[in-house]
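Here is entry_21.pdb, consisting of PDB, C-alpha atoms and all ligand atoms:
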MODEL        1
ATOM      1  CA  MET U   1     -32.884 -20.686 -19.949
ATOM      2  CA  SER U   2     -30.819 -23.669 -18.824
ATOM      3  CA  ALA U   3     -27.727 -22.529 -20.743
ATOM      4  CA  THR U   4     -27.423 -19.441 -18.517
ATOM      5  CA  LYS U   5     -25.617 -21.312 -15.758
ATOM      6  CA  ASN U   6     -22.494 -20.814 -17.870
ATOM      7  CA  GLU U   7     -22.958 -17.040 -17.931
ATOM      8  CA  ILE U   8     -21.057 -14.850 -15.509
ATOM      9  CA  LEU U   9     -23.321 -12.273 -13.837
ATOM     10  CA  PHE U  10     -21.368  -9.004 -14.015
ATOM     11  CA  LEU U  11     -22.899  -6.373 -11.748
ATOM     12  CA  GLU U  12     -23.296  -2.617 -11.917
ATOM     13  CA  PRO U  13     -22.702  -1.528  -8.318
ATOM     14  CA  VAL U  14     -24.616   1.024  -6.263
ATOM     15  CA  CYS U  15     -22.503   3.752  -4.620
ATOM     16  CA  THR U  16     -23.557   5.707  -1.531
ATOM     17  CA  HIS U  17     -22.827   9.205  -0.235
ATOM     18  CA  ASN U  18     -21.668   9.332   3.384
ATOM     19  CA  ILE U  19     -20.374  12.182   5.565
ATOM     20  CA  TRP U  20     -17.175  10.211   6.087
ATOM     21  CA  GLY U  21     -16.756   9.118   2.431
ATOM     22  CA  GLY U  22     -14.035  10.095  -0.055
ATOM     23  CA  LYS U  23     -13.326  10.066  -3.787
ATOM     24  CA  LYS U  24     -11.255   6.902  -4.311
ATOM     25  CA  LEU U  25     -14.263   4.934  -5.517
ATOM     26  CA  ARG U  26     -14.597   7.298  -8.458
ATOM     27  CA  GLU U  27     -10.955   8.199  -9.059
ATOM     28  CA  GLU U  28      -9.241   4.845  -8.416
ATOM     29  CA  PHE U  29     -12.020   2.404  -9.221
ATOM     30  CA  GLY U  30     -13.800   4.351 -11.943
ATOM     31  CA  TYR U  31     -17.335   4.002 -10.652
ATOM     32  CA  PRO U  32     -19.526   6.571 -12.431
ATOM     33  CA  VAL U  33     -20.652   8.611  -9.442
ATOM     34  CA  GLN U  34     -20.329  12.319  -8.653
ATOM     35  CA  GLY U  35     -19.275  13.888  -5.369
ATOM     36  CA  ASP U  36     -16.329  13.712  -2.971
ATOM     37  CA  ASP U  37     -18.297  11.917  -0.268
ATOM     38  CA  ILE U  38     -18.580   8.439  -1.809
ATOM     39  CA  GLY U  39     -18.298   6.105   1.169
ATOM     40  CA  GLU U  40     -19.444   2.756  -0.142
ATOM     41  CA  CYS U  41     -19.671   0.781  -3.347
ATOM     42  CA  TRP U  42     -22.233  -2.004  -2.912
ATOM     43  CA  GLY U  43     -20.533  -4.234  -5.450
ATOM     44  CA  ILE U  44     -22.696  -7.324  -5.050
ATOM     45  CA  SER U  45     -25.968  -6.483  -3.395
ATOM     46  CA  ALA U  46     -29.628  -7.414  -3.661
ATOM     47  CA  HIS U  47     -30.682  -5.222  -0.746
ATOM     48  CA  PRO U  48     -33.715  -2.933  -1.297
ATOM     49  CA  ASN U  49     -31.562   0.089  -0.336
ATOM     50  CA  GLY U  50     -29.039  -0.723  -3.080
ATOM     51  CA  ASP U  51     -29.983  -3.480  -5.500
ATOM     52  CA  GLY U  52     -27.258  -4.104  -8.106
ATOM     53  CA  THR U  53     -28.089  -4.410 -11.815
ATOM     54  CA  VAL U  54     -26.804  -7.122 -14.147
ATOM     55  CA  LYS U  55     -24.677  -5.444 -16.845
ATOM     56  CA  SER U  56     -24.853  -7.859 -19.770
ATOM     57  CA  GLY U  57     -26.106 -11.174 -21.090
ATOM     58  CA  THR U  58     -29.470 -12.884 -20.667
ATOM     59  CA  PHE U  59     -30.349 -10.893 -17.546
ATOM     60  CA  ALA U  60     -28.985  -7.487 -18.626
ATOM     61  CA  GLY U  61     -30.867  -4.686 -16.847
ATOM     62  CA  LYS U  62     -32.404  -6.959 -14.203
ATOM     63  CA  LYS U  63     -31.841  -6.343 -10.522
ATOM     64  CA  LEU U  64     -29.904  -9.014  -8.652
ATOM     65  CA  SER U  65     -32.910  -9.496  -6.345
ATOM     66  CA  GLU U  66     -35.089 -10.287  -9.397
ATOM     67  CA  VAL U  67     -32.633 -12.813 -10.815
ATOM     68  CA  TRP U  68     -32.403 -14.412  -7.370
ATOM     69  CA  LYS U  69     -36.191 -14.729  -7.208
ATOM     70  CA  GLU U  70     -36.807 -15.813 -10.799
ATOM     71  CA  GLN U  71     -33.819 -18.133 -11.346
ATOM     72  CA  PRO U  72     -33.120 -19.850  -7.991
ATOM     73  CA  GLU U  73     -31.276 -22.669  -9.767
ATOM     74  CA  LEU U  74     -28.461 -20.214 -10.619
ATOM     75  CA  PHE U  75     -27.830 -19.890  -6.876
ATOM     76  CA  GLY U  76     -28.121 -23.551  -5.955
ATOM     77  CA  ASN U  77     -31.826 -23.431  -4.921
ATOM     78  CA  LEU U  78     -30.886 -22.364  -1.404
ATOM     79  CA  ALA U  79     -33.447 -22.162   1.394
ATOM     80  CA  TYR U  80     -32.862 -18.410   2.051
ATOM     81  CA  ASP U  81     -35.883 -16.155   1.440
ATOM     82  CA  ARG U  82     -33.583 -13.432  -0.011
ATOM     83  CA  PHE U  83     -30.082 -13.152  -1.451
ATOM     84  CA  PRO U  84     -27.960 -13.950   1.606
ATOM     85  CA  LEU U  85     -24.775 -11.874   1.233
ATOM     86  CA  MET U  86     -23.477  -8.471   0.261
ATOM     87  CA  THR U  87     -20.009  -7.278  -0.812
ATOM     88  CA  LYS U  88     -18.956  -3.646  -0.398
ATOM     89  CA  ILE U  89     -15.837  -1.583  -0.914
ATOM     90  CA  ILE U  90     -15.624   1.094   1.772
ATOM     91  CA  ASP U  91     -13.526   4.261   1.343
ATOM     92  CA  ALA U  92     -13.303   6.062   4.681
ATOM     93  CA  ARG U  93     -11.835   9.554   4.332
ATOM     94  CA  GLU U  94     -12.858  10.178   7.942
ATOM     95  CA  ASP U  95     -13.715   8.010  10.943
ATOM     96  CA  LEU U  96     -17.001   6.117  10.843
ATOM     97  CA  SER U  97     -19.289   6.131  13.867
ATOM     98  CA  ILE U  98     -18.763   3.546  16.599
ATOM     99  CA  GLN U  99     -21.374   0.887  15.984
ATOM    100  CA  VAL U 100     -22.615  -2.625  16.662
ATOM    101  CA  HIS U 101     -24.959  -5.027  14.857
ATOM    102  CA  PRO U 102     -27.602  -7.384  16.272
ATOM    103  CA  ASP U 103     -27.701 -11.106  15.562
ATOM    104  CA  ASP U 104     -30.506 -12.800  13.584
ATOM    105  CA  ALA U 105     -32.663 -13.494  16.652
ATOM    106  CA  TYR U 106     -32.572  -9.894  17.935
ATOM    107  CA  ALA U 107     -33.122  -8.420  14.434
ATOM    108  CA  GLN U 108     -36.054 -10.791  13.778
ATOM    109  CA  GLU U 109     -37.756  -9.567  16.925
ATOM    110  CA  HIS U 110     -36.824  -5.857  16.952
ATOM    111  CA  GLU U 111     -36.240  -4.984  13.265
ATOM    112  CA  ASN U 112     -39.218  -6.300  11.303
ATOM    113  CA  GLY U 113     -37.813  -9.719  10.508
ATOM    114  CA  SER U 114     -34.533  -8.415   9.082
ATOM    115  CA  PHE U 115     -31.420 -10.555   9.080
ATOM    116  CA  GLY U 116     -28.883  -9.717  11.760
ATOM    117  CA  LYS U 117     -25.474  -8.690  10.547
ATOM    118  CA  THR U 118     -22.276 -10.658  10.700
ATOM    119  CA  GLU U 119     -19.580  -9.028   8.606
ATOM    120  CA  CYS U 120     -15.880  -9.256   7.883
ATOM    121  CA  TRP U 121     -13.229  -6.940   6.514
ATOM    122  CA  TYR U 122     -10.242  -7.393   4.275
ATOM    123  CA  ILE U 123      -7.997  -4.344   4.535
ATOM    124  CA  MET U 124      -7.169  -3.301   0.970
ATOM    125  CA  ASP U 125      -5.164  -0.264   2.025
ATOM    126  CA  CYS U 126      -4.500   1.857   5.101
ATOM    127  CA  PRO U 127      -1.976   4.377   6.406
ATOM    128  CA  LYS U 128       1.131   3.238   8.303
ATOM    129  CA  GLY U 129       0.395   2.740  11.993
ATOM    130  CA  ALA U 130      -3.347   2.492  11.362
ATOM    131  CA  ALA U 131      -5.790   1.167  13.946
ATOM    132  CA  LEU U 132      -9.427   0.071  13.976
ATOM    133  CA  VAL U 133     -11.943   0.141  16.786
ATOM    134  CA  ILE U 134     -12.747  -3.500  17.547
ATOM    135  CA  GLY U 135     -14.235  -4.427  20.893
ATOM    136  CA  HIS U 136     -14.345  -2.394  24.108
ATOM    137  CA  ASN U 137     -12.865  -2.354  27.594
ATOM    138  CA  ALA U 138     -15.939  -2.850  29.806
ATOM    139  CA  ALA U 139     -15.758  -5.937  32.026
ATOM    140  CA  THR U 140     -19.463  -6.236  32.844
ATOM    141  CA  ARG U 141     -22.747  -5.135  31.270
ATOM    142  CA  GLN U 142     -23.242  -2.662  34.115
ATOM    143  CA  GLU U 143     -19.836  -1.101  33.473
ATOM    144  CA  LEU U 144     -20.673  -1.053  29.755
ATOM    145  CA  ALA U 145     -23.912   0.851  30.397
ATOM    146  CA  GLU U 146     -22.137   3.305  32.719
ATOM    147  CA  MET U 147     -19.306   4.006  30.289
ATOM    148  CA  ILE U 148     -21.777   4.649  27.467
ATOM    149  CA  HIS U 149     -24.259   6.732  29.490
ATOM    150  CA  GLU U 150     -21.456   8.791  31.020
ATOM    151  CA  GLY U 151     -19.667   9.234  27.675
ATOM    152  CA  ARG U 152     -16.390   7.754  28.939
ATOM    153  CA  TRP U 153     -15.333   7.015  25.354
ATOM    154  CA  LYS U 154     -11.558   7.027  25.887
ATOM    155  CA  GLU U 155     -11.908   4.274  28.472
ATOM    156  CA  PHE U 156     -14.593   2.400  26.558
ATOM    157  CA  ILE U 157     -13.165   2.203  23.028
ATOM    158  CA  ARG U 158     -10.551  -0.429  22.213
ATOM    159  CA  GLU U 159      -8.276   0.302  19.256
ATOM    160  CA  ILE U 160      -6.282  -2.480  17.602
ATOM    161  CA  PRO U 161      -3.339  -1.887  15.221
ATOM    162  CA  VAL U 162      -3.890  -3.242  11.701
ATOM    163  CA  LYS U 163      -2.098  -3.273   8.370
ATOM    164  CA  LYS U 164      -2.840  -3.833   4.704
ATOM    165  CA  GLY U 165      -3.888  -7.435   4.079
ATOM    166  CA  ASP U 166      -5.307  -8.073   7.567
ATOM    167  CA  PHE U 167      -8.633  -9.891   7.905
ATOM    168  CA  ILE U 168     -11.134  -9.093  10.651
ATOM    169  CA  GLN U 169     -14.290 -11.008  11.526
ATOM    170  CA  ILE U 170     -16.988  -8.828  13.121
ATOM    171  CA  ASP U 171     -19.495 -11.051  14.914
ATOM    172  CA  PRO U 172     -22.825  -9.512  15.976
ATOM    173  CA  GLY U 173     -22.330  -7.781  19.325
ATOM    174  CA  THR U 174     -18.802  -6.573  18.428
ATOM    175  CA  VAL U 175     -18.269  -2.831  18.876
ATOM    176  CA  HIS U 176     -16.458  -1.615  15.761
ATOM    177  CA  ALA U 177     -15.488   1.402  13.722
ATOM    178  CA  ILE U 178     -13.499   1.987  10.579
ATOM    179  CA  LYS U 179     -11.040   4.857  10.891
ATOM    180  CA  GLY U 180     -10.161   7.513   8.349
ATOM    181  CA  GLY U 181      -7.727   6.480   5.613
ATOM    182  CA  MET U 182      -8.919   2.867   5.400
ATOM    183  CA  LEU U 183      -9.972   1.130   2.207
ATOM    184  CA  ILE U 184     -11.833  -2.076   3.041
ATOM    185  CA  LEU U 185     -13.559  -4.912   1.234
ATOM    186  CA  GLU U 186     -16.489  -5.938   3.407
ATOM    187  CA  THR U 187     -18.430  -9.174   3.056
ATOM    188  CA  GLN U 188     -21.572  -9.324   5.139
ATOM    189  CA  GLN U 189     -25.018 -10.764   5.617
ATOM    190  CA  ASN U 190     -27.592  -8.988   3.465
ATOM    191  CA  SER U 191     -28.734  -6.535   6.128
ATOM    192  CA  ASP U 192     -28.145  -2.906   6.987
ATOM    193  CA  ILE U 193     -29.269  -2.962  10.610
ATOM    194  CA  THR U 194     -26.693  -0.892  12.478
ATOM    195  CA  TYR U 195     -26.863   0.531  15.988
ATOM    196  CA  ARG U 196     -24.778   3.664  16.370
ATOM    197  CA  VAL U 197     -23.209   3.879  19.828
ATOM    198  CA  TYR U 198     -21.202   7.092  19.429
ATOM    199  CA  ASP U 199     -20.602   9.475  16.541
ATOM    200  CA  TYR U 200     -17.773  11.658  17.912
ATOM    201  CA  ASP U 201     -20.404  14.389  18.488
ATOM    202  CA  ARG U 202     -20.369  15.204  14.763
ATOM    203  CA  LEU U 203     -23.122  17.050  12.954
ATOM    204  CA  SER U 204     -24.688  15.985   9.660
ATOM    205  CA  ASP U 205     -26.771  18.730   7.997
ATOM    206  CA  GLY U 206     -26.454  20.697  11.231
ATOM    207  CA  LYS U 207     -27.793  17.911  13.482
ATOM    208  CA  PRO U 208     -26.230  14.979  15.299
ATOM    209  CA  ARG U 209     -27.079  11.623  13.656
ATOM    210  CA  GLU U 210     -29.389   9.362  15.608
ATOM    211  CA  LEU U 211     -27.782   7.113  18.230
ATOM    212  CA  HIS U 212     -29.223   3.760  19.344
ATOM    213  CA  VAL U 213     -27.853   3.605  22.851
ATOM    214  CA  GLU U 214     -30.258   1.204  24.542
ATOM    215  CA  LYS U 215     -30.351  -1.294  21.670
ATOM    216  CA  SER U 216     -26.545  -1.138  21.577
ATOM    217  CA  ILE U 217     -26.292  -1.919  25.286
ATOM    218  CA  ASP U 218     -28.695  -4.840  24.713
ATOM    219  CA  VAL U 219     -26.628  -6.470  21.989
ATOM    220  CA  ILE U 220     -22.951  -5.687  22.774
ATOM    221  CA  THR U 221     -21.012  -8.798  23.789
ATOM    222  CA  VAL U 222     -19.422  -8.422  27.244
ATOM    223  CA  PRO U 223     -16.552  -8.910  27.720
ATOM    224  CA  ALA U 224     -15.274  -8.397  24.168
ATOM    225  CA  LYS U 225     -13.385 -11.095  22.259
ATOM    226  CA  SER U 226      -9.619 -10.881  22.912
ATOM    227  CA  VAL U 227      -7.348  -8.725  20.733
ATOM    228  CA  GLU U 228      -5.516 -11.851  19.504
ATOM    229  CA  ASP U 229      -8.779 -13.442  18.372
ATOM    230  CA  SER U 230      -9.924 -10.324  16.528
ATOM    231  CA  VAL U 231      -7.401  -9.819  13.722
ATOM    232  CA  LYS U 232      -5.851 -12.381  11.398
ATOM    233  CA  SER U 233      -2.770 -11.477   9.381
ATOM    234  CA  VAL U 234      -2.965 -12.881   5.894
ATOM    235  CA  ALA U 235       0.463 -14.038   4.771
ATOM    236  CA  GLY U 236       2.068 -16.864   2.812
ATOM    237  CA  LEU U 237      -0.837 -17.329   0.403
ATOM    238  CA  VAL U 238      -0.336 -19.564  -2.607
ATOM    239  CA  GLU U 239      -0.751 -17.857  -5.979
ATOM    240  CA  ASN U 240      -3.351 -19.027  -8.497
ATOM    241  CA  GLN U 241      -5.524 -20.892  -6.030
ATOM    242  CA  LEU U 242      -8.354 -20.134  -3.611
ATOM    243  CA  ASN U 243      -6.891 -19.481  -0.149
ATOM    244  CA  GLU U 244      -9.541 -19.774   2.553
ATOM    245  CA  LEU U 245      -9.328 -16.812   4.964
ATOM    246  CA  TYR U 246     -12.346 -17.569   7.100
ATOM    247  CA  ALA U 247     -15.482 -19.686   7.280
ATOM    248  CA  CYS U 248     -18.553 -19.286   9.483
ATOM    249  CA  ARG U 249     -22.186 -20.343   9.145
ATOM    250  CA  TYR U 250     -22.926 -17.344   6.907
ATOM    251  CA  TYR U 251     -20.008 -17.276   4.503
ATOM    252  CA  THR U 252     -16.645 -18.612   3.453
ATOM    253  CA  ILE U 253     -14.087 -16.041   2.292
ATOM    254  CA  PHE U 254     -11.173 -16.724  -0.035
ATOM    255  CA  LYS U 255      -8.258 -14.619  -1.280
ATOM    256  CA  LEU U 256      -7.185 -15.322  -4.835
ATOM    257  CA  ASP U 257      -3.973 -13.870  -6.271
ATOM    258  CA  VAL U 258      -3.849 -14.549  -9.999
ATOM    259  CA  ASN U 259      -0.370 -14.398 -11.488
ATOM    260  CA  GLY U 260      -0.511 -15.999 -14.905
ATOM    261  CA  ASN U 261      -3.278 -18.578 -14.865
ATOM    262  CA  ALA U 262      -5.643 -19.850 -12.151
ATOM    263  CA  VAL U 263      -8.018 -22.734 -12.869
ATOM    264  CA  PHE U 264     -10.525 -24.147 -10.380
ATOM    265  CA  GLU U 265     -13.979 -25.725 -10.234
ATOM    266  CA  GLN U 266     -17.018 -23.699  -9.187
ATOM    267  CA  LYS U 267     -18.428 -26.373  -6.861
ATOM    268  CA  TYR U 268     -20.410 -24.044  -4.527
ATOM    269  CA  PRO U 269     -24.064 -22.873  -4.660
ATOM    270  CA  PHE U 270     -22.619 -19.718  -6.256
ATOM    271  CA  MET U 271     -19.437 -17.659  -5.926
ATOM    272  CA  MET U 272     -19.139 -13.892  -5.581
ATOM    273  CA  ALA U 273     -15.896 -12.269  -6.742
ATOM    274  CA  SER U 274     -14.477  -8.758  -6.532
ATOM    275  CA  VAL U 275     -11.292  -7.610  -8.275
ATOM    276  CA  LEU U 276      -9.282  -5.501  -5.811
ATOM    277  CA  GLU U 277      -6.197  -4.872  -7.948
ATOM    278  CA  GLY U 278      -4.904  -5.491 -11.436
ATOM    279  CA  GLU U 279      -6.619  -6.877 -14.496
ATOM    280  CA  GLY U 280      -7.110 -10.027 -16.480
ATOM    281  CA  CYS U 281      -9.729 -12.312 -17.944
ATOM    282  CA  VAL U 282     -12.316 -14.707 -16.503
ATOM    283  CA  ASN U 283     -13.234 -17.416 -19.023
ATOM    284  CA  GLY U 284     -12.384 -14.977 -21.794
ATOM    285  CA  HIS U 285     -14.196 -11.927 -20.329
ATOM    286  CA  PRO U 286     -11.892  -9.003 -19.543
ATOM    287  CA  VAL U 287     -12.085  -7.739 -15.944
ATOM    288  CA  LYS U 288     -10.172  -5.131 -13.989
ATOM    289  CA  LYS U 289      -9.892  -3.502 -10.560
ATOM    290  CA  GLY U 290     -13.385  -2.666  -9.326
ATOM    291  CA  ALA U 291     -15.217  -5.458 -11.192
ATOM    292  CA  HIS U 292     -17.777  -7.480  -9.221
ATOM    293  CA  PHE U 293     -19.364 -10.659 -10.531
ATOM    294  CA  ILE U 294     -21.142 -13.889  -9.625
ATOM    295  CA  LEU U 295     -20.297 -17.356 -10.919
ATOM    296  CA  PRO U 296     -23.589 -19.285 -10.888
ATOM    297  CA  CYS U 297     -24.288 -22.809  -9.690
ATOM    298  CA  GLY U 298     -23.056 -25.387 -12.190
ATOM    299  CA  PHE U 299     -20.736 -22.910 -13.909
ATOM    300  CA  GLY U 300     -18.038 -25.560 -14.108
ATOM    301  CA  THR U 301     -14.372 -24.753 -14.645
ATOM    302  CA  VAL U 302     -13.271 -21.200 -13.872
ATOM    303  CA  ASP U 303     -10.235 -20.083 -15.868
ATOM    304  CA  MET U 304      -8.642 -16.775 -14.874
ATOM    305  CA  GLN U 305      -5.673 -15.170 -16.531
ATOM    306  CA  GLY U 306      -3.706 -12.027 -15.829
ATOM    307  CA  GLU U 307      -2.276 -10.241 -12.812
ATOM    308  CA  MET U 308      -4.971  -9.541 -10.265
ATOM    309  CA  GLU U 309      -6.063  -9.845  -6.664
ATOM    310  CA  LEU U 310      -9.576 -10.943  -5.786
ATOM    311  CA  ILE U 311     -11.702 -11.610  -2.744
ATOM    312  CA  VAL U 312     -14.104 -14.472  -3.454
ATOM    313  CA  SER U 313     -16.911 -15.582  -1.181
ATOM    314  CA  THR U 314     -19.673 -18.139  -1.016
ATOM    315  CA  VAL U 315     -22.303 -19.546   1.333
ATOM    316  CA  GLN U 316     -22.594 -22.988   2.845
ATOM    317  CA  GLY U 317     -24.650 -25.250   0.582
TER     318      GLY U 317
HETATM  319 ZN    ZN S 401     -20.565  -2.900  10.708
ENDMDL
END

Rewrite the coordinates I just gave you, this time as structure tokens.
Ligand code: ZN
Amino acid sequence: MSATKNEILFLEPVCTHNIWGGKKLREEFGYPVQGDDIGECWGISAHPNGDGTVKSGTFAGKKLSEVWKEQPELFGNLAYDRFPLMTKIIDAREDLSIQVHPDDAYAQEHENGSFGKTECWYIMDCPKGAALVIGHNAATRQELAEMIHEGRWKEFIREIPVKKGDFIQIDPGTVHAIKGGMLILETQQNSDITYRVYDYDRLSDGKPRELHVEKSIDVITVPAKSVEDSVKSVAGLVENQLNELYACRYYTIFKLDVNGNAVFEQKYPFMMASVLEGEGCVNGHPVKKGAHFILPCGFGTVDMQGEMELIVSTVQG
């Protein structure tokens, strides 16, 4: 099986239905899923709630979690006990609930040993004048608890203007919400632990969705990170090379704009790639908008051709 390190792992994503979801994931990206409430495409995921399937090659039909377990050398023999990351495309037709995620320590203790959730967003598309909820306006934990218990949402919620191409890091403890009209590529730790702070009093199947008020108050960072430190505008990127957008202990994120030919070495434990726009080839394999794939450890030289935009991510070795 040693030759398989030269095989690209193309993945069949898992799409989810959400009350706030839309139809772009089917109509624009061509994912084979019915319904007009498709909120998320889990493009690269080995999570039990949405485990992607390898489309072709030696591991065709296997779940990503199985390949991770059975062939650790393809992922650099990392010390993680499960596949560490997840990549999603999120199509929000309507506002998502206001939420916050715990860190690893809190999730270990309160959520059955789950990972916490650090995530980041690349804004693929959004309306003019769009804003996201990032952070809050409470100065102290007591004020935070009062604002939440008393439902003073207008005072509590902090909205920040954003535009297409912006990058946002969401550390655990950051209050956040995606607003209607946004199309986002999310890279995150492999976890779906989310505490819902407020859901705009909406009903789902006739009932309000569960809120997690006390856990939220436990984990929200007070005061919030400044507006300036929350959003990074991505501009002046060099074509045909990996442009690092962000690095933290969980992941490093690159933007890659292929225009003609991009050649680079896969020198990481593994690389995850998602095609956001356009089409082309990767080492001779045709890919287009909506494709998600993994370049294994030891893959060697990556040779991309065509006109396409990708988000690429990896973990620290
Ligand atoms: Zn989140």

Exercise. What is the CA of Glu309 (chain U)-CA of Glu265 (chain U) distance in Å, reported with one decimal?
Worked result: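 Computing it gives 18.1 Å between the two atoms.
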
Which residues match the PyMOL selection byres (((chain U and resi 253) around 8) and not hetatm) in the file above, as a tab-separated table (two decimals) with C-alpha atoms, keeping the file's coordinate frame?
chain	number	residue	atom	x	y	z
U	244	GLU	CA	-9.54	-19.77	2.55
U	245	LEU	CA	-9.33	-16.81	4.96
U	246	TYR	CA	-12.35	-17.57	7.10
U	247	ALA	CA	-15.48	-19.69	7.28
U	251	TYR	CA	-20.01	-17.28	4.50
U	252	THR	CA	-16.64	-18.61	3.45
U	254	PHE	CA	-11.17	-16.72	-0.04
U	255	LYS	CA	-8.26	-14.62	-1.28
U	311	ILE	CA	-11.70	-11.61	-2.74
U	312	VAL	CA	-14.10	-14.47	-3.45
U	313	SER	CA	-16.91	-15.58	-1.18
U	314	THR	CA	-19.67	-18.14	-1.02

For this session: Determine the nearest neighbour of Leu85 (chain U) from the options U:Arg249, U:His176, U:His136, U:Arg209, counting all atoms listed in the file.
Result: U:Arg249

Exercise. Hey, which residues come within 10 Å of ligand ZN 401 (chain S) if we count all atoms listed in the file? Could you give them as a PyMOL selection string?
Worked result: chain U and resi 96-101+117-121+170-172+174-178+186+188+192-196

Quick one: apply the PyMOL selection byres (((chain U and resi 68) around 12) and not hetatm) to the file and drop the selected residues here as a tab-separated table (two decimals) with C-alpha atoms, keeping the file's coordinate frame.
chain	number	residue	atom	x	y	z
U	9	LEU	CA	-23.32	-12.27	-13.84
U	45	SER	CA	-25.97	-6.48	-3.40
U	46	ALA	CA	-29.63	-7.41	-3.66
U	47	HIS	CA	-30.68	-5.22	-0.75
U	51	ASP	CA	-29.98	-3.48	-5.50
U	52	GLY	CA	-27.26	-4.10	-8.11
U	53	THR	CA	-28.09	-4.41	-11.82
U	54	VAL	CA	-26.80	-7.12	-14.15
U	59	PHE	CA	-30.35	-10.89	-17.55
U	62	LYS	CA	-32.40	-6.96	-14.20
U	63	LYS	CA	-31.84	-6.34	-10.52
U	64	LEU	CA	-29.90	-9.01	-8.65
U	65	SER	CA	-32.91	-9.50	-6.34
U	66	GLU	CA	-35.09	-10.29	-9.40
U	67	VAL	CA	-32.63	-12.81	-10.82
U	69	LYS	CA	-36.19	-14.73	-7.21
U	70	GLU	CA	-36.81	-15.81	-10.80
U	71	GLN	CA	-33.82	-18.13	-11.35
U	72	PRO	CA	-33.12	-19.85	-7.99
U	73	GLU	CA	-31.28	-22.67	-9.77
U	74	LEU	CA	-28.46	-20.21	-10.62
U	75	PHE	CA	-27.83	-19.89	-6.88
U	76	GLY	CA	-28.12	-23.55	-5.96
U	77	ASN	CA	-31.83	-23.43	-4.92
U	78	LEU	CA	-30.89	-22.36	-1.40
U	79	ALA	CA	-33.45	-22.16	1.39
U	80	TYR	CA	-32.86	-18.41	2.05
U	81	ASP	CA	-35.88	-16.16	1.44
U	82	ARG	CA	-33.58	-13.43	-0.01
U	83	PHE	CA	-30.08	-13.15	-1.45
U	84	PRO	CA	-27.96	-13.95	1.61
U	85	LEU	CA	-24.78	-11.87	1.23
U	270	PHE	CA	-22.62	-19.72	-6.26
U	294	ILE	CA	-21.14	-13.89	-9.62
U	296	PRO	CA	-23.59	-19.28	-10.89
U	297	CYS	CA	-24.29	-22.81	-9.69

Exercise. What would the list of residues within 8 Å of (-24.5, 4.3, -11.4) (file frame) look like as a PyMOL selection string, if all atoms listed in the file are what count?
Worked result: chain U and resi 12-15+31-33

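Residues matched by the PyMOL selection byres (((chain U and resi 16) around 8) and not hetatm) in this file are Val14, Cys15, His17, Asn18, Ile38, Gly39, Glu40, Cys41 and Trp42 of chain U.
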
Exercise. Taking into account only C-alpha atoms, which residue in the set U:Asp201, U:Val302, U:Asn112, U:Leu132 is nearest to Gln266 (chain U)?
Worked result: U:Val302

Exercise. When distances are computed from all atoms listed in the file, which of U:Asp229, U:Ile19, U:Ser191, U:Ile148 shows the smallest separation from Gln108 (chain U)?
Worked result: U:Ser191

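In this model, the gap between CA of Lys164 (chain U) and CA of Val227 (chain U) comes to 17.4 Å.
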
For this session: Would you mind telling me which residue in U:Leu310, U:Lys215, U:Met182, U:Ser226 lies nearest to Gln241 (chain U) when using only C-alpha atoms?
Result: U:Leu310

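Compared by their closest atoms to Ile217 (chain U), and using all atoms listed in the file, the residues U:Gly129, U:Gly290, U:Pro102, U:Gly306 rank with U:Pro102 nearest.
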